[in-house]
Each structure stands twice: as structure tokens, then as C-alpha cells.
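These notes are about the structure you will find just below.
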Amino acid sequence: MVNKLFVLSTLTGALIIGSTGVSAASIFKDVKEGYWADDEINYLYDHQITSGYPNGLFMTNKLITKSQVAVMVAKSLNLNPSKNSKIQFEDVTKKHPSYSEFVAVVEAGIFPKDSKFNPNEHLTKADVAEVLVNAFKLKATGTIQLKDVVKTSEHYDEIAALIENDIAAIGANQKFMPNKKVTRAEFAVLLTRALDSDFLPTQYNIAQNVNPIIILFDYVIKNPDGIDSLFALKNDFGFKELSKHIKSLEISNFKEIARLNGSTEFVVHLNVDLDTNKQGLLVDGENVLYFLIQKNDYMDFSIVSIDTKPHLKGDDSISFTNETAVDLIANAKKSYWYVVSGGEGTGEMKTFTKDGLEYRYMSDSLDTEAKLKAYLGQTYTPDQVEKLYKDLGFIINNGKLAQPNADGGSLLNFEKATATLVSKSATVIKYELKVPLGDTNEVQSMIGELRFVEGKGWRVHSLVDIGQYELSNEVAVVLFSEAHKAYWYAVMGGEGEGELETFTKNGIEYRYMLESLNTEDRLRTYLGQYYTQVQVEKLYKDLGFITNKGRLAQPNADGGSLLNFEKAKIDVVSDTGAVKRFKLTIPLGDSKIVETMIGELHFVENEGWRVASLK
């Protein structure tokens, strides 16, 4: 029996990984470096969300008012009132310096629409929970147990959402203290956590006893069978096999080097004595490995990737260029065809027939569903991995993975491809690619969408031939017409048995939706057949839907439309492939009066065309 040595010389006691950044001196006289909320208050100041008081103080212990909360939330979300807003307040005139912010937060559904705004009202923790849940669309499972907030309480859902999203914490006494008034410093902390996950208290602080890297090296020495449980994708990067070849192992350095969107990267310097020159990611002697860690749940983390070079940059970003995008898409396509060809391994190809279809077993490298999905997951998003698994017709037969027997390949020459940025956000990037066919002068135009997958990095979500975006004007009119009908169907309350039920809340009369649309999920699913998800979210907010006693309701009002889409005329305004804008001229009923509207359609991957706007 070989004695193995596991030494972690740089760690003593509990390992708590802190922030990689250095706090700057505070702009406020009463917020000194080291104050418990200094980073959050400085963050809000740096992002022009708060400027404090004219005397240079933040007034940390002063109770926050409804006015101050409204202004900070409006600035956080870049909210502005609509041009023709009809919202008015009995106690606030248009001359009030924050009048625009008050109107904006009410229009956004963050505060209820009441006759008075009560700007000087001090807000409780329950009030703040409701504000943040409305502002940031926070969801909860409702599993939180609180001694001072029962599940039937009016604010339970909002409070539970705040706690489940790690924005608010509760102590060992399981109390939230919903009626406690909130100070300016306390609100600054809660708002900052909602805005930036880097400030969540449990996001990155990883105790040694739950750090999967520490546990991994312990398992390598003592319990190789437990290694699989530490990895998010059931891919152990060869560490179970590697454990058989390690004579001794010593870690000389271990530290956090980067963060991005909830993921943490560590670098580990280690000396390894192997019974071979190289095994997997390790060589005999000195090694440097980079581990990407994701948070699964409270005090629950897993390893998503290990490499000999960093996944992230130390400035919390990923260096991403057009060339990087082309390389990622090219590798994804290679992975696709590697899968279609069956992988690689020893032995002859074996086939069988099932339900009249000939299948072939996958080779050793991809002979299980877990292996296949882990392989594709290196270049594709999880959603796209599931789609490819389904579209390629994989099945399990006699415990082995198999696919329909077919040959294939691609003439696309990504080595000579060029990419043009179409759109970019923090988590979604779209490119238009021109890809030559072999060594010919013929090129294929494609739209590639990349998405940032938490804990993994950028992955290919879709790659669509622009030819798939063809759409006639006649079909476009039908899409706008059907979406318009769906809108009024929702406004009228859906359909179902029973009488119309109403109730009053915050001075507004509501009516419950009928059976076909009586939950938020049903409503969103219905509208999602016609509208983009962004537009569904906007309609849900604009129409003032709320959930009361487990049922969906909307402000009680009647309405309808005289627009005659059957006689509408339509012209293309702009066309960029996946986004098309049209000018519609629509008669009102059978009259000669017409209404001119601009409509926009977006192509949604795996769903088709959806209405993004019509106004």
C-alpha cells in the first residue's frame, strides 16, 4: 500500500474566500472604511443611484422614506414616466423634485396606484420586501418557515422571495421582524444585493468544509468513489482515474482569482508524484490548475470545469472578440459532427433495428447519455444540448446509447469565416457569420447566438441559416392580428364557468380572471404563443395583473378593438433577418378611418415568429 501525502500548507482553520476587490475611500463623511455597509453605499454612489445629503453625509441610521426608496429604485432601473401619463397624487404636485420618479415607479407596478403617494412615510421591512420583489421580479417557492410571518400573511410571498434569493437573511430565531422600520444603510445593502449578485452574502464565501476543491483532493487520497458527487456535469475531468496513479500530492498555493455572474475561479499550485510522466490534466512534478466553481444552494457548491489555463479574467469579465466567437461556434460544429459520427473507441460498429429504424451504438467515448451531454455541454448551452439530444434521436438500448444510423458531414469552412456583431448584452451575444463552403467563393450567412452559462462561460445557443427567417407580408399581418386578438382575450378575462368576482385592494377594484387564464403561468403561456417573452412581461405589468388568494386578477375595466386586420395594408420598414419591422395601415371597422401602427416581429429560436411590439 502506497502512502499518499495531502498537504495544504497555505490554509489554516476555516477557509473564507473574501472579495477580490479593494474598497475605495467613501465619499460620505459618516461612512468610514470598514463600516458594515460601506461597499454597498459606495456602489450606489458610484452608479449615480444616490448622492447622499448636501452636508456630505449619507445619514446611515436615518429611517428611509418612501420618497427616497422610489428615487433610488427608479434610478437603479432607469425608469421614466410615460409622456402622456395620467397618474396624479393629491399630496404631491408636479413641482416636486422627485415627481417623475414617483410616477415612474407607480407605472412600473412597483408601488400601488393610490390617490396619495405619502412621500415622507417610513417603510417597514415588509414594505421594502414588496418593493424589491415588484422591482426585480423575484420568485419564491414558499418553503421558508418564519415564526413571526405566517404563510397566510399578506406579505409572506414577498418576504419569502427576499430570503430565498439571499437578499435578506434571518437569524437562528427564524424571525424576519416585518414591522421594523428600515434605515438608509439597511436599504442600501438590500438594494445593492438585488442589483449585483457579487454582494449576496452567501454567493462567494466558501467555507473550507464545503469547498469542493478541498474535498476533491481529500477524496483523491481517501475516497475516489466520492469524486463524482463534486462535479456539476458528472464529468470528473479524469480525477477518479488519476487517483490510481498518485503516489503523493502537496498543495503549495490556493487562492481565489476571479468572479463572474455567480461563479468563482480558484488557482491551485501543487506538486504531484505520479507513477507515470503524465496522467490526464496532471504531469509528474509541479502543476497549476484552474477550478471554476458554481453555487448550487446555501453552503452547496460544485466544480463545473478544471483547466490548465484560467477560465475568467481577474477583472470579473471574459475577453470576448469576434474571433473568439467564430472559434467557439466552429468548435461547437465540430462537436456536433463528432457526435453524429458516433464518437471514437475500439471495436467494430454494432447496429440493431427497433420500431423499424436502424440504430448504431455510440463508441466508447460517448456510449452513455451522461458522457454525450457532458461533451456537448463544453460548447453548447444546456437548452441546446437537450434539443440536440432530442433532434438527433438518441435512445438507450441494453444500457448503451444509440442513434439512428446515418452518415453526415459539413462543407462549412469556419477557418475562413468572418463574424459581425449584431447585438450584445451581459449574457447574450448575437453575430452574423459569413462561412465559405469549402474552398469555393460561395458563402452561407448564419445568425449565431451565444449565451453566458453560469459557472461555465460562453456557449452556443443556436446557429440558424438566415434563410430560415423568410416571412411574407401576408403571414406577418396574420401574426399581428392573432396577437391583437390574444391581447383583448386577456383583457376580457379569458373564459370559463361561474360569475365574475370582484374585490378591492389599495383603492382599486379588481376582477378575478376566468378559468382559462386564472393563474400567472396560464396567462403567460397563452400570451407567449403570440408575443416575445419581453413583451409578455410588459403586457403583464401594463395591464396591472396581481395574484390574490392564489388567483390571478386584473383591474376591473371593459374594452375592445375596432381594428379590422382583414383589410389591413402592410409594408416592410426594416429587415435584419431575425428582426422585422412593418408599417400597418388598419381600417377601423368598415369605416374609411384608418389607424397607422408600427409592428415588430422577432424570430424566437424553437418557437418561430413572435410579436415584439405593435403601437
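For the C-alpha cells, the naming scheme is as follows: chains receive sequential letters (A, B, ...) according to their order of presentation, residues are indexed from 1 within each chain, and ligands are indexed from 1 in presentation order.
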
For Thr141 of chain A: contacts at 9 Å, only C-alpha atoms, fewer than 5 positions along chain excluded, given as a short mmCIF file (atom, residue, chain, number, x, y, z; two decimals) with N, CA and C atoms, in the first residue's frame:
data_model
loop_
_atom_site.label_atom_id
_atom_site.label_comp_id
_atom_site.auth_asym_id
_atom_site.auth_seq_id
_atom_site.Cartn_x
_atom_site.Cartn_y
_atom_site.Cartn_z
N ASP A 157 -45.35 36.09 0.74
CA ASP A 157 -44.72 35.74 -0.53
C ASP A 157 -43.52 36.64 -0.83
N ALA A 160 -40.66 35.88 1.70
CA ALA A 160 -40.04 34.60 1.36
C ALA A 160 -39.13 34.75 0.14
N ALA A 161 -39.58 35.52 -0.86
CA ALA A 161 -38.78 35.73 -2.06
C ALA A 161 -37.48 36.45 -1.74
N GLU A 164 -35.26 33.79 0.07
CA GLU A 164 -34.82 32.70 -0.81
C GLU A 164 -33.81 33.16 -1.85
#

Give me, as a PyMOL selection string, the residues of segment 82-142 of chain A that a backbone DSSP run labels strand (DSSP E or B).
chain A and resi 89+92+122+124

Shell of 7 Å around segment 587-589 of chain A, only C-alpha atoms, local chain residues under 5 positions omitted, as a list in words
Leu562, Leu563, Asn564, Lys567, Ala568, Val594 and Glu595 of chain A

Skipping near chain neighbours, those fewer than 2 positions away, what residues fall within 10 Å of Ile27 of chain A using only C-alpha atoms, listed as a list in words?
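Here the qualifying residues turn out to be Ala24, Ala25, Lys29, Asp30, Val31, Lys32, Asp38, Ile41, Asn42, Tyr45, Asp46, Ser51, Gly52, Gly56, Leu57 and Phe58 of chain A.
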
Counting only C-alpha atoms, the option among A:Asn548, A:Thr576, A:Ser462, A:Thr93 closest to Pro382 of chain A
A:Ser462

May I ask for the distance between atom CA of Val105 of chain A and atom CA of Phe117 of chain A, given in Å to one decimal place?
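Value for the atom CA of Val105 of chain A-atom CA of Phe117 of chain A distance: 10.8 Å.
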
Which residues come within 12 Å of Lys181 of chain A, counting only C-alpha atoms, excluding same-chain residues fewer than 4 positions away, as a PyMOL selection string?
chain A and resi 61-66+121-129+176-177+185-187

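Closest approach to Ile546 of chain A among A:Lys400, A:Arg522, A:Arg511, A:Lys371 is made by A:Arg511 (distances from only C-alpha atoms).
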